[in-house]
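Pasted below: model-v8.pdb, PDB, C-alpha atoms and all ligand atoms.
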ATOM      1  CA  MET A 358      42.742  22.820 116.821
ATOM      2  CA  THR A 359      43.169  26.386 115.650
ATOM      3  CA  THR A 360      41.101  29.278 116.784
ATOM      4  CA  GLN A 361      40.385  32.184 114.546
ATOM      5  CA  LEU A 362      41.087  35.148 116.787
ATOM      6  CA  LEU A 363      38.311  37.629 116.282
ATOM      7  CA  GLU A 364      39.163  41.269 116.787
ATOM      8  CA  LEU A 365      37.271  42.479 119.819
ATOM      9  CA  ASN A 366      35.525  45.819 119.477
ATOM     10  CA  GLU A 367      36.095  48.714 121.937
ATOM     11  CA  ALA A 368      33.365  47.553 124.291
ATOM     12  CA  GLN A 369      34.523  43.950 124.260
ATOM     13  CA  THR A 370      38.105  45.043 124.890
ATOM     14  CA  ALA A 371      36.947  47.097 127.873
ATOM     15  CA  ILE A 372      35.060  44.123 129.295
ATOM     16  CA  TYR A 373      36.933  40.931 128.350
ATOM     17  CA  ASN A 374      40.492  41.894 129.203
ATOM     18  CA  ARG A 375      43.217  40.539 131.486
ATOM     19  CA  SER A 376      42.335  42.844 134.356
ATOM     20  CA  ASN A 377      38.709  41.762 134.477
ATOM     21  CA  LEU A 378      39.655  38.110 134.004
ATOM     22  CA  ARG A 379      41.935  38.526 137.023
ATOM     23  CA  ARG A 380      39.120  40.131 138.987
ATOM     24  CA  ALA A 381      36.604  37.429 138.053
ATOM     25  CA  ILE A 382      38.685  34.296 138.337
ATOM     26  CA  LYS A 383      40.553  33.293 141.436
ATOM     27  CA  ASP A 384      44.219  32.469 140.733
ATOM     28  CA  PHE A 385      43.904  33.501 137.088
ATOM     29  CA  ASP A 386      47.289  33.199 135.387
ATOM     30  CA  ASP A 387      47.698  36.337 133.293
ATOM     31  CA  THR A 388      51.071  35.415 131.805
ATOM     32  CA  GLU A 389      51.817  33.936 128.391
ATOM     33  CA  ILE A 390      48.527  34.985 126.866
ATOM     34  CA  THR A 391      48.597  35.443 123.102
ATOM     35  CA  GLY A 392      44.989  36.314 122.652
ATOM     36  CA  ILE A 393      41.568  36.744 124.214
ATOM     37  CA  THR A 394      38.562  36.041 122.045
ATOM     38  CA  LEU A 395      34.910  35.083 122.247
ATOM     39  CA  ARG A 396      33.039  31.942 121.282
ATOM     40  CA  ASP A 397      29.314  31.764 121.943
ATOM     41  CA  ASN A 398      28.853  32.481 125.634
ATOM     42  CA  LEU A 399      32.492  31.906 126.414
ATOM     43  CA  VAL A 400      35.617  33.975 126.737
ATOM     44  CA  VAL A 401      38.529  32.054 125.254
ATOM     45  CA  VAL A 402      42.039  32.664 126.541
ATOM     46  CA  VAL A 403      44.755  31.407 124.192
ATOM     47  CA  ARG A 404      48.244  30.744 125.591
ATOM     48  CA  THR A 405      51.644  30.837 123.905
ATOM     49  CA  ASP A 406      51.840  27.020 124.057
ATOM     50  CA  GLY A 407      48.605  26.807 122.078
ATOM     51  CA  SER A 408      46.479  25.723 125.011
ATOM     52  CA  GLN A 409      43.143  27.383 125.702
ATOM     53  CA  GLN A 410      40.914  27.994 128.653
ATOM     54  CA  THR A 411      37.313  29.088 128.506
ATOM     55  CA  TYR A 412      35.269  31.043 131.021
ATOM     56  CA  PRO A 413      31.603  32.051 130.996
ATOM     57  CA  ARG A 414      31.236  35.574 129.564
ATOM     58  CA  GLU A 415      28.761  36.395 132.291
ATOM     59  CA  ILE A 416      31.255  36.330 135.162
ATOM     60  CA  ILE A 417      33.663  38.633 133.329
ATOM     61  CA  VAL A 418      30.803  41.024 132.607
ATOM     62  CA  THR A 419      29.940  41.042 136.319
ATOM     63  CA  ALA A 420      33.566  41.745 137.228
ATOM     64  CA  TYR A 421      33.673  44.592 134.706
ATOM     65  CA  GLN A 422      30.476  46.148 136.065
ATOM     66  CA  GLU A 423      31.482  45.819 139.695
ATOM     67  CA  PHE A 424      34.835  47.396 138.977
ATOM     68  CA  THR A 425      33.443  50.257 136.884
ATOM     69  CA  GLN A 426      30.843  51.107 139.530
ATOM     70  CA  ARG A 427      32.948  50.571 142.645
ATOM     71  CA  LEU A 428      32.555  53.096 145.432
ATOM     72  CA  LYS A 429      35.743  54.993 146.212
ATOM     73  CA  HIS A 430      36.267  56.275 149.740
ATOM     74  CA  PHE A 431      34.700  59.493 150.995
ATOM     75  CA  PHE A 432      37.809  61.673 150.544
ATOM     76  CA  SER A 433      38.549  60.506 146.992
ATOM     77  CA  TYR A 434      36.764  63.418 145.348
ATOM     78  CA  LEU A 435      36.818  66.252 147.825
ATOM     79  CA  GLY A 436      38.643  69.468 147.055
ATOM     80  CA  PRO A 437      40.710  71.481 149.555
ATOM     81  CA  ASN A 438      38.919  72.128 152.888
ATOM     82  CA  TYR A 439      36.626  69.135 152.322
ATOM     83  CA  ARG A 440      35.002  70.966 149.480
ATOM     84  CA  GLY A 441      32.316  69.016 147.643
ATOM     85  CA  PRO A 442      31.575  69.285 143.908
ATOM     86  CA  SER A 443      31.357  72.862 142.575
ATOM     87  CA  ILE A 444      28.292  73.878 140.609
ATOM     88  CA  TRP A 445      28.999  74.662 136.974
ATOM     89  CA  HIS A 446      26.492  75.666 134.283
ATOM     90  CA  ASN A 447      23.501  73.683 132.974
ATOM     91  CA  ASN A 448      23.316  71.173 135.821
ATOM     92  CA  GLY A 449      26.977  70.271 135.531
ATOM     93  CA  TYR A 450      29.401  70.013 138.438
ATOM     94  CA  VAL A 451      33.146  70.044 138.820
ATOM     95  CA  LEU A 452      34.229  67.041 140.838
ATOM     96  CA  PHE A 453      37.629  67.551 142.452
ATOM     97  CA  LYS A 454      40.277  64.866 142.587
ATOM     98  CA  GLY A 455      41.154  64.330 146.246
ATOM     99  CA  TRP A 456      44.759  65.546 145.971
ATOM    100  CA  THR A 457      44.667  66.962 149.503
ATOM    101  CA  TYR A 458      43.860  63.611 151.096
ATOM    102  CA  GLY A 459      46.105  61.101 149.342
ATOM    103  CA  HIS A 460      49.076  61.911 151.521
ATOM    104  CA  ALA A 461      49.989  63.967 154.597
ATOM    105  CA  LEU A 462      51.661  66.474 152.269
ATOM    106  CA  GLY A 463      48.852  66.335 149.716
ATOM    107  CA  HIS A 464      47.627  69.817 150.598
ATOM    108  CA  ILE A 465      50.891  71.378 149.398
ATOM    109  CA  THR A 466      50.983  69.618 146.028
ATOM    110  CA  ALA A 467      50.802  71.845 142.970
ATOM    111  CA  ASN A 468      47.521  70.152 142.021
ATOM    112  CA  ALA A 469      45.838  70.922 145.360
ATOM    113  CA  LYS A 470      47.066  74.531 145.238
ATOM    114  CA  LEU A 471      45.738  74.913 141.718
ATOM    115  CA  GLN A 472      42.389  73.497 142.866
ATOM    116  CA  THR A 473      42.235  76.136 145.609
ATOM    117  CA  SER A 474      42.940  78.987 143.224
ATOM    118  CA  TRP A 475      40.473  77.735 140.608
ATOM    119  CA  ALA A 476      37.654  76.397 142.791
ATOM    120  CA  ASP A 477      35.471  79.526 142.612
ATOM    121  CA  LYS A 478      36.406  80.434 139.044
ATOM    122  CA  PHE A 479      35.238  77.426 137.022
ATOM    123  CA  ILE A 480      31.874  79.113 136.722
ATOM    124  CA  HIS A 481      33.493  81.855 134.606
ATOM    125  CA  ILE A 482      34.459  79.321 131.933
ATOM    126  CA  ASN A 483      31.366  78.852 129.806
ATOM    127  CA  ASP A 484      32.838  76.586 127.196
ATOM    128  CA  GLN A 485      32.673  72.899 128.081
ATOM    129  CA  THR A 486      35.684  71.913 125.962
ATOM    130  CA  LYS A 487      37.836  74.616 127.542
ATOM    131  CA  LEU A 488      36.740  73.623 131.026
ATOM    132  CA  GLU A 489      37.537  69.963 130.429
ATOM    133  CA  ALA A 490      40.921  70.869 128.981
ATOM    134  CA  LEU A 491      41.678  72.883 132.114
ATOM    135  CA  LEU A 492      40.486  70.122 134.445
ATOM    136  CA  GLN A 493      42.165  67.226 132.712
ATOM    137  CA  SER A 494      45.410  68.414 131.173
ATOM    138  CA  GLU A 495      48.445  66.452 132.332
ATOM    139  CA  HIS A 496      49.715  69.557 134.141
ATOM    140  CA  THR A 497      46.515  70.305 136.010
ATOM    141  CA  ASP A 498      44.631  67.034 136.610
ATOM    142  CA  LEU A 499      42.176  68.890 138.850
ATOM    143  CA  GLY A 500      39.083  66.724 138.433
ATOM    144  CA  TYR A 501      36.138  66.026 136.146
ATOM    145  CA  LEU A 502      33.072  67.666 134.730
ATOM    146  CA  ILE A 503      30.064  65.580 135.676
ATOM    147  CA  ALA A 504      26.326  65.909 135.046
ATOM    148  CA  PRO A 505      24.442  63.080 136.783
ATOM    149  CA  GLU A 506      21.118  64.262 135.308
ATOM    150  CA  GLY A 507      22.578  65.317 131.982
ATOM    151  CA  PHE A 508      23.210  68.893 130.883
ATOM    152  CA  ARG A 509      20.240  71.199 130.907
ATOM    153  CA  TYR A 510      20.971  72.801 127.548
ATOM    154  CA  MET A 511      20.892  69.412 125.876
ATOM    155  CA  GLN A 512      17.455  68.835 127.357
ATOM    156  CA  SER A 513      16.290  72.254 126.198
ATOM    157  CA  ILE A 514      17.516  71.502 122.678
ATOM    158  CA  GLU A 515      15.459  68.307 122.744
ATOM    159  CA  LEU A 516      12.513  70.195 124.110
ATOM    160  CA  GLY A 517      12.960  72.907 121.464
ATOM    161  CA  SER A 518      12.845  70.403 118.626
ATOM    162  CA  ALA A 519       9.848  68.655 120.179
ATOM    163  CA  LEU A 520       8.020  71.975 120.292
ATOM    164  CA  ASN A 521       8.859  72.650 116.657
ATOM    165  CA  ASP A 522       7.501  69.247 115.721
ATOM    166  CA  SER A 523       4.278  69.848 117.584
ATOM    167  CA  THR A 524       3.543  72.986 115.561
ATOM    168  CA  GLY A 525       3.308  70.706 112.533
ATOM    169  CA  ASP A 526       0.155  69.020 113.867
ATOM    170  CA  ASP A 527       2.017  65.895 114.870
ATOM    171  CA  THR A 528       0.049  64.089 117.534
ATOM    172  CA  GLU A 529       2.861  61.630 118.191
ATOM    173  CA  SER A 530       5.148  64.331 119.520
ATOM    174  CA  HIS A 531       2.450  65.304 122.017
ATOM    175  CA  VAL A 532       2.485  61.777 123.289
ATOM    176  CA  GLU A 533       6.279  61.942 123.585
ATOM    177  CA  ASN A 534       6.077  65.135 125.590
ATOM    178  CA  ASN A 535       4.011  63.379 128.220
ATOM    179  CA  GLN A 536       6.617  60.668 128.674
ATOM    180  CA  PRO A 537       9.143  61.137 131.458
ATOM    181  CA  LYS A 538      12.233  62.744 129.899
ATOM    182  CA  GLU A 539      15.076  60.378 129.249
ATOM    183  CA  TYR A 540      18.180  62.184 130.509
ATOM    184  CA  ALA A 541      21.730  61.356 129.532
ATOM    185  CA  PRO A 542      24.179  61.490 132.446
ATOM    186  CA  TYR A 543      27.685  62.607 131.598
ATOM    187  CA  CYS A 544      31.188  62.449 133.025
ATOM    188  CA  SER A 545      34.288  63.784 131.304
ATOM    189  CA  CYS A 546      36.512  60.905 132.459
ATOM    190  CA  GLY A 547      38.052  58.541 129.931
ATOM    191  CA  SER A 548      36.095  55.508 131.070
ATOM    192  CA  PHE A 549      32.712  57.209 130.752
ATOM    193  CA  LYS A 550      33.525  58.721 127.351
ATOM    194  CA  ARG A 551      34.676  55.374 126.057
ATOM    195  CA  GLN A 552      31.308  53.891 127.038
ATOM    196  CA  LEU A 553      29.403  56.817 125.581
ATOM    197  CA  ASN A 554      31.274  56.714 122.274
ATOM    198  CA  ASN A 555      30.734  52.974 121.879
ATOM    199  CA  LEU A 556      27.344  52.693 123.489
ATOM    200  CA  ALA A 557      25.785  50.440 120.851
ATOM    201  CA  ASP A 558      28.646  47.945 121.247
ATOM    202  CA  PHE A 559      28.328  47.990 125.050
ATOM    203  CA  GLN A 560      24.584  47.428 124.758
ATOM    204  CA  ARG A 561      25.161  44.448 122.509
ATOM    205  CA  GLU A 562      27.308  42.895 125.254
ATOM    206  CA  ILE A 563      25.130  43.987 128.152
ATOM    207  CA  PRO A 564      21.461  44.526 127.227
ATOM    208  CA  GLY A 565      20.076  47.830 128.485
ATOM    209  CA  TYR A 566      23.542  49.044 129.363
ATOM    210  CA  LYS A 567      23.927  52.616 130.588
ATOM    211  CA  PRO A 568      27.331  54.306 130.892
ATOM    212  CA  THR A 569      28.632  54.833 134.402
ATOM    213  CA  CYS A 570      31.887  55.388 136.258
ATOM    214  CA  ILE A 571      33.431  55.629 139.714
ATOM    215  CA  HIS A 572      32.754  59.373 139.769
ATOM    216  CA  MET A 573      29.062  58.847 139.148
ATOM    217  CA  THR A 574      28.889  56.251 141.933
ATOM    218  CA  TRP A 575      30.727  58.539 144.344
ATOM    219  CA  LEU A 576      28.562  61.567 143.526
ATOM    220  CA  HIS A 577      25.331  59.631 144.071
ATOM    221  CA  LYS A 578      26.595  58.430 147.450
ATOM    222  CA  TYR A 579      27.714  61.948 148.402
ATOM    223  CA  ARG A 580      24.311  63.377 147.530
ATOM    224  CA  ALA A 581      22.585  60.653 149.538
ATOM    225  CA  LEU A 582      24.752  61.619 152.510
ATOM    226  CA  LEU A 583      23.932  65.325 152.153
ATOM    227  CA  SER A 584      20.218  64.694 151.908
ATOM    228  CA  GLU A 585      20.303  62.337 154.887
ATOM    229  CA  ARG A 586      22.190  64.973 156.863
ATOM    230  CA  SER A 587      19.657  67.689 156.056
ATOM    231  CA  ARG A 588      16.773  65.308 156.799
ATOM    232  CA  VAL A 589      18.169  64.636 160.284
ATOM    233  CA  ARG A 590      18.775  68.353 160.827
ATOM    234  CA  THR A 591      15.307  69.488 159.776
ATOM    235  CA  GLU A 592      13.663  66.903 162.009
ATOM    236  CA  LEU A 593      15.341  68.495 165.018
ATOM    237  CA  PRO A 594      13.283  70.987 167.039
ATOM    238  CA  GLY A 595      14.396  74.460 165.984
ATOM    239  CA  GLY A 596      16.877  72.919 163.580
ATOM    240  CA  ALA A 597      19.704  73.012 166.136
ATOM    241  CA  ALA A 598      21.637  69.787 166.294
ATOM    242  CA  VAL A 599      22.022  68.532 169.865
ATOM    243  CA  LYS A 600      23.574  65.198 169.004
ATOM    244  CA  CYS A 601      26.660  66.048 167.012
ATOM    245  CA  VAL A 602      29.713  64.352 165.598
ATOM    246  CA  ALA A 603      32.933  66.185 164.862
ATOM    247  CA  TRP A 604      35.113  64.295 162.431
ATOM    248  CA  ALA A 605      38.738  64.762 161.521
ATOM    249  CA  TYR A 606      40.941  63.089 158.976
ATOM    250  CA  ALA A 607      44.713  62.782 158.842
ATOM    251  CA  PRO A 608      45.888  61.497 155.441
ATOM    252  CA  PRO A 609      48.511  58.712 155.376
ATOM    253  CA  GLU A 610      52.175  59.569 155.977
ATOM    254  CA  ASP A 611      53.358  57.213 153.256
ATOM    255  CA  HIS A 612      51.962  55.365 150.278
ATOM    256  CA  ILE A 613      51.438  52.056 152.087
ATOM    257  CA  SER A 614      49.512  53.116 155.187
ATOM    258  CA  LYS A 615      45.941  54.253 155.532
ATOM    259  CA  GLY A 616      44.942  57.607 156.978
ATOM    260  CA  ARG A 617      43.341  58.098 160.390
ATOM    261  CA  PHE A 618      39.685  58.987 160.663
ATOM    262  CA  VAL A 619      38.612  60.166 164.117
ATOM    263  CA  LEU A 620      35.155  60.994 165.417
ATOM    264  CA  LEU A 621      34.151  62.868 168.558
ATOM    265  CA  HIS A 622      30.549  62.946 169.664
ATOM    266  CA  THR A 623      28.440  64.926 172.078
ATOM    267  CA  ASN A 624      24.827  65.287 173.167
ATOM    268  CA  SER A 625      25.324  68.965 174.058
ATOM    269  CA  GLY A 626      25.307  70.644 170.649
ATOM    270  CA  SER A 627      28.038  71.589 168.225
ATOM    271  CA  MET A 628      29.160  74.566 170.331
ATOM    272  CA  ALA A 629      29.820  72.406 173.399
ATOM    273  CA  PRO A 630      33.293  72.833 174.948
ATOM    274  CA  ILE A 631      35.798  70.048 174.361
ATOM    275  CA  SER A 632      35.138  68.507 177.805
ATOM    276  CA  HIS A 633      31.654  67.522 176.563
ATOM    277  CA  TRP A 634      32.922  65.493 173.642
ATOM    278  CA  ARG A 635      33.903  61.817 173.679
ATOM    279  CA  THR A 636      35.970  59.925 171.145
ATOM    280  CA  TYR A 637      33.797  57.423 169.318
ATOM    281  CA  LYS A 638      35.071  53.867 169.962
ATOM    282  CA  SER A 639      38.455  55.149 171.122
ATOM    283  CA  ASN A 640      39.999  51.673 171.144
ATOM    284  CA  GLU A 641      39.236  51.108 167.465
ATOM    285  CA  VAL A 642      41.226  52.461 164.537
ATOM    286  CA  PHE A 643      39.237  53.979 161.684
ATOM    287  CA  THR A 644      40.548  54.924 158.262
ATOM    288  CA  GLU A 645      39.138  56.597 155.153
ATOM    289  CA  GLU A 646      37.665  53.219 154.233
ATOM    290  CA  HIS A 647      35.251  53.464 157.177
ATOM    291  CA  ALA A 648      34.068  57.014 156.559
ATOM    292  CA  TRP A 649      30.934  56.373 154.461
ATOM    293  CA  ASP A 650      29.556  53.709 156.796
ATOM    294  CA  LEU A 651      30.343  55.718 159.916
ATOM    295  CA  PHE A 652      28.633  58.827 158.564
ATOM    296  CA  PHE A 653      25.495  56.935 157.645
ATOM    297  CA  ASN A 654      25.451  55.016 160.959
ATOM    298  CA  MET A 655      25.838  58.234 162.924
ATOM    299  CA  LEU A 656      23.012  59.903 161.027
ATOM    300  CA  GLU A 657      20.815  56.894 161.577
ATOM    301  CA  ALA A 658      21.411  57.343 165.307
ATOM    302  CA  GLY A 659      20.429  61.030 164.968
ATOM    303  CA  TYR A 660      23.965  62.483 165.122
ATOM    304  CA  VAL A 661      24.746  65.315 162.719
ATOM    305  CA  PRO A 662      28.334  65.318 161.424
ATOM    306  CA  PHE A 663      30.506  68.441 161.230
ATOM    307  CA  PRO A 664      34.113  68.676 160.095
ATOM    308  CA  LEU A 665      36.126  69.290 163.254
ATOM    309  CA  THR A 666      37.912  72.146 161.487
ATOM    310  CA  SER A 667      34.580  74.017 161.320
ATOM    311  CA  LEU A 668      34.204  73.963 165.130
ATOM    312  CA  PRO A 669      36.700  76.520 166.485
ATOM    313  CA  GLN A 670      36.483  75.459 170.145
ATOM    314  CA  LEU A 671      37.598  71.931 169.178
ATOM    315  CA  SER A 672      40.193  72.733 166.560
ATOM    316  CA  SER A 673      41.959  75.284 168.769
ATOM    317  CA  ALA A 674      41.847  72.980 171.818
ATOM    318  CA  LEU A 675      43.344  70.130 169.818
ATOM    319  CA  LYS A 676      46.056  72.333 168.337
ATOM    320  CA  LYS A 677      47.189  73.250 171.863
ATOM    321  CA  LYS A 678      47.556  69.586 172.784
TER     322      LYS A 678
HETATM  323 ZN    ZN B   1      33.787  59.549 135.499
END
Encoded form (structure tokens):
Amino acid sequence: MTTQLLELNEAQTAIYNRSNLRRAIKDFDDTEITGITLRDNLVVVVRTDGSQQTYPREIIVTAYQEFTQRLKHFFSYLGPNYRGPSIWHNNGYVLFKGWTYGHALGHITANAKLQTSWADKFIHINDQTKLEALLQSEHTDLGYLIAPEGFRYMQSIELGSALNDSTGDDTESHVENNQPKEYAPYCSCGSFKRQLNNLADFQREIPGYKPTCIHMTWLHKYRALLSERSRVRTELPGGAAVKCVAWAYAPPEDHISKGRFVLLHTNSGSMAPISHWRTYKSNEVFTEEHAWDLFFNMLEAGYVPFPLTSLPQLSSALKKK
């Protein structure tokens, strides 16, 4: 039997490829493949010996979506000094690549140093193309431009044209104006742009598909953490946190190990001397992989997290040790 190998389009290539087959199918053999094609609801893998295996499209789609939306650890997109995304123009943000936290010497890499010198200056670059070129050139690789709610000027252009229409006695456009505005999230990363540029093809594979990426997932989680933190803080009498957590992170020493994530907690306020703080679960080892869950668990228990480096009485006491 011969199979006519159909050329997959951009979207299909992004979804039905070796990597996602590997992710979806246990013990998938990714050697000696001459082609991957589609037949009805099946993905067909053709081998050099002419043999074929088929897999349901659905499970590869799931693997693709899970991978594209996976949540990276807390430190993945923080700039130097645990800096969160920087506000840019029109509802856009600069998301830093976590150069400082990938390795114990990460903070002295050229990339991290460049992030420090640029962090407050992105706002002076008004042109989106120039900003993206600065962020994502092979020499800089500082981070991404991201707009989870879409850019404001794009919305105002839409609004502007809607207003123009309405002057022409068009009742339909009035109806449109009452609809909730459909916003178009944006990320400057390659994965997101690929989805955006081939959106119709992606939507043919996955009905109702909306572009997304690991940066979008991370930013949503980060915002949820910030709003949870301010909720816990505002519920406190006088706004002063009594139950506090000081957290510290030591990036890995090599490329195999994980970093160390340490939490101290107190019921005596963030200014409490070091003798009032206890290590949280001192016999357990936490890494960057635990950070999100620990932060949310602590907040749920009413503890407000602070970076240890922002509490001078703790950072100086620990330095002396
Ligand atoms: Zn992205």
Which chains and residue numbers are within 12 Å of ligand ZN 1 (chain B), counting all atoms listed in the file, if I want them as a tab-separated table (two decimals) with C-alpha atoms, keeping the file's coordinate frame?
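For reference, pocket-v4.tsv as written:
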chain	number	residue	atom	x	y	z
A	425	THR	CA	33.44	50.26	136.88
A	426	GLN	CA	30.84	51.11	139.53
A	427	ARG	CA	32.95	50.57	142.65
A	428	LEU	CA	32.56	53.10	145.43
A	429	LYS	CA	35.74	54.99	146.21
A	434	TYR	CA	36.76	63.42	145.35
A	450	TYR	CA	29.40	70.01	138.44
A	451	VAL	CA	33.15	70.04	138.82
A	452	LEU	CA	34.23	67.04	140.84
A	453	PHE	CA	37.63	67.55	142.45
A	454	LYS	CA	40.28	64.87	142.59
A	493	GLN	CA	42.16	67.23	132.71
A	500	GLY	CA	39.08	66.72	138.43
A	501	TYR	CA	36.14	66.03	136.15
A	502	LEU	CA	33.07	67.67	134.73
A	503	ILE	CA	30.06	65.58	135.68
A	504	ALA	CA	26.33	65.91	135.05
A	505	PRO	CA	24.44	63.08	136.78
A	542	PRO	CA	24.18	61.49	132.45
A	543	TYR	CA	27.68	62.61	131.60
A	544	CYS	CA	31.19	62.45	133.02
A	545	SER	CA	34.29	63.78	131.30
A	546	CYS	CA	36.51	60.90	132.46
A	547	GLY	CA	38.05	58.54	129.93
A	548	SER	CA	36.10	55.51	131.07
A	549	PHE	CA	32.71	57.21	130.75
A	550	LYS	CA	33.52	58.72	127.35
A	551	ARG	CA	34.68	55.37	126.06
A	552	GLN	CA	31.31	53.89	127.04
A	553	LEU	CA	29.40	56.82	125.58
A	568	PRO	CA	27.33	54.31	130.89
A	569	THR	CA	28.63	54.83	134.40
A	570	CYS	CA	31.89	55.39	136.26
A	571	ILE	CA	33.43	55.63	139.71
A	572	HIS	CA	32.75	59.37	139.77
A	573	MET	CA	29.06	58.85	139.15
A	574	THR	CA	28.89	56.25	141.93
A	575	TRP	CA	30.73	58.54	144.34
A	576	LEU	CA	28.56	61.57	143.53
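We find CA of Tyr579 in chain A and CA of Leu462 in chain A to be spaced 24.7 Å apart.
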For this session: Evaluate the PyMOL selection byres (((chain A and resi 365) around 12) and not hetatm) here and jot the selected residues down as a list in words.
Result: Gln361, Leu362, Leu363, Glu364, Asn366, Glu367, Ala368, Gln369, Thr370, Ala371, Ile372, Tyr373, Asn374, Gly392, Ile393, Thr394, Leu395, Arg396, Val400, Val401, Asp558, Phe559 and Glu562 of chain A
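With all atoms listed in the file as the atoms that count, the residue of A:His647, A:Phe663, A:Thr486, A:Ala603 with the shortest distance to Arg635 in chain A is A:Ala603.
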Exercise. CA of Trp445 in chain A to CA of Ala490 in chain A: how many Å, to one decimal?
Worked result: 14.8 Å
Selection: 12 Å around Arg380 in chain A, all atoms listed in the file, excl. self and same-chain fewer than 5 positions, as a PDB file with C-alpha atoms, in the coordinates of the input:
ATOM      1  CA  ILE A 372      35.060  44.123 129.295  1.00  0.00           C
ATOM      2  CA  TYR A 373      36.933  40.931 128.350  1.00  0.00           C
ATOM      3  CA  ASN A 374      40.492  41.894 129.203  1.00  0.00           C
ATOM      4  CA  ARG A 375      43.217  40.539 131.486  1.00  0.00           C
ATOM      5  CA  PHE A 385      43.904  33.501 137.088  1.00  0.00           C
ATOM      6  CA  ASP A 386      47.289  33.199 135.387  1.00  0.00           C
ATOM      7  CA  ASP A 387      47.698  36.337 133.293  1.00  0.00           C
ATOM      8  CA  ILE A 416      31.255  36.330 135.162  1.00  0.00           C
ATOM      9  CA  ILE A 417      33.663  38.633 133.329  1.00  0.00           C
ATOM     10  CA  VAL A 418      30.803  41.024 132.607  1.00  0.00           C
ATOM     11  CA  THR A 419      29.940  41.042 136.319  1.00  0.00           C
ATOM     12  CA  ALA A 420      33.566  41.745 137.228  1.00  0.00           C
ATOM     13  CA  TYR A 421      33.673  44.592 134.706  1.00  0.00           C
ATOM     14  CA  GLN A 422      30.476  46.148 136.065  1.00  0.00           C
ATOM     15  CA  GLU A 423      31.482  45.819 139.695  1.00  0.00           C
ATOM     16  CA  PHE A 424      34.835  47.396 138.977  1.00  0.00           C
ATOM     17  CA  THR A 425      33.443  50.257 136.884  1.00  0.00           C
TER      18      THR A 425
END
For this session: Could you tell me which residues the PyMOL selection byres (((chain A and resi 668) around 10) and not hetatm) returns for this structure, as a ChimeraX atom specification?
Result: /A:603,627-630,663-667,669-673
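Here CA of Asn483 in chain A and CA of His446 in chain A stand 7.3 Å from one another.
Picked by the PyMOL selection byres (((chain A and resi 598) around 9) and not hetatm) from the coordinates shown: Val589, Arg590, Leu593, Pro594, Gly595, Gly596, Ala597, Val599, Lys600, Cys601, Asn624, Ser625, Gly626, Ser627, Gly659, Tyr660 and Val661 of chain A.
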Problem set entry | Long-range neighbours of Val642 in chain A as a VMD selection string, 8 Å cut-off, all atoms listed in the file, 3 positions minimum in chain | chain A and resid 617 to 618 639
Using all atoms listed in the file, which residues sit within 7 Å of Phe508 in chain A once same-chain residues fewer than 4 positions away are excluded, as a PDB file with C-alpha atoms, in the frame of the given file?
ATOM      1  CA  ASN A 447      23.501  73.683 132.974  1.00  0.00           C
ATOM      2  CA  ASN A 448      23.316  71.173 135.821  1.00  0.00           C
ATOM      3  CA  GLY A 449      26.977  70.271 135.531  1.00  0.00           C
ATOM      4  CA  ALA A 504      26.326  65.909 135.046  1.00  0.00           C
ATOM      5  CA  GLN A 512      17.455  68.835 127.357  1.00  0.00           C
TER       6      GLN A 512
END
For this session: Rank nothing, just name the residue among A:Arg440, A:Leu675, A:Leu435, A:Lys578 nearest to Asp650 in chain A, using all atoms listed in the file.
Result: A:Lys578
Problem set entry | Surrounding residues of Lys638 in chain A excluding itself and chain neighbours under 5 positions, 12 Å, all atoms listed in the file, as number ranges by chain | A: 618-622, 643, 651
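Among the candidates A:Arg588, A:Arg379, A:Arg561, A:His612, the one nearest to Tyr412 in chain A when counting all atoms listed in the file is A:Arg379.
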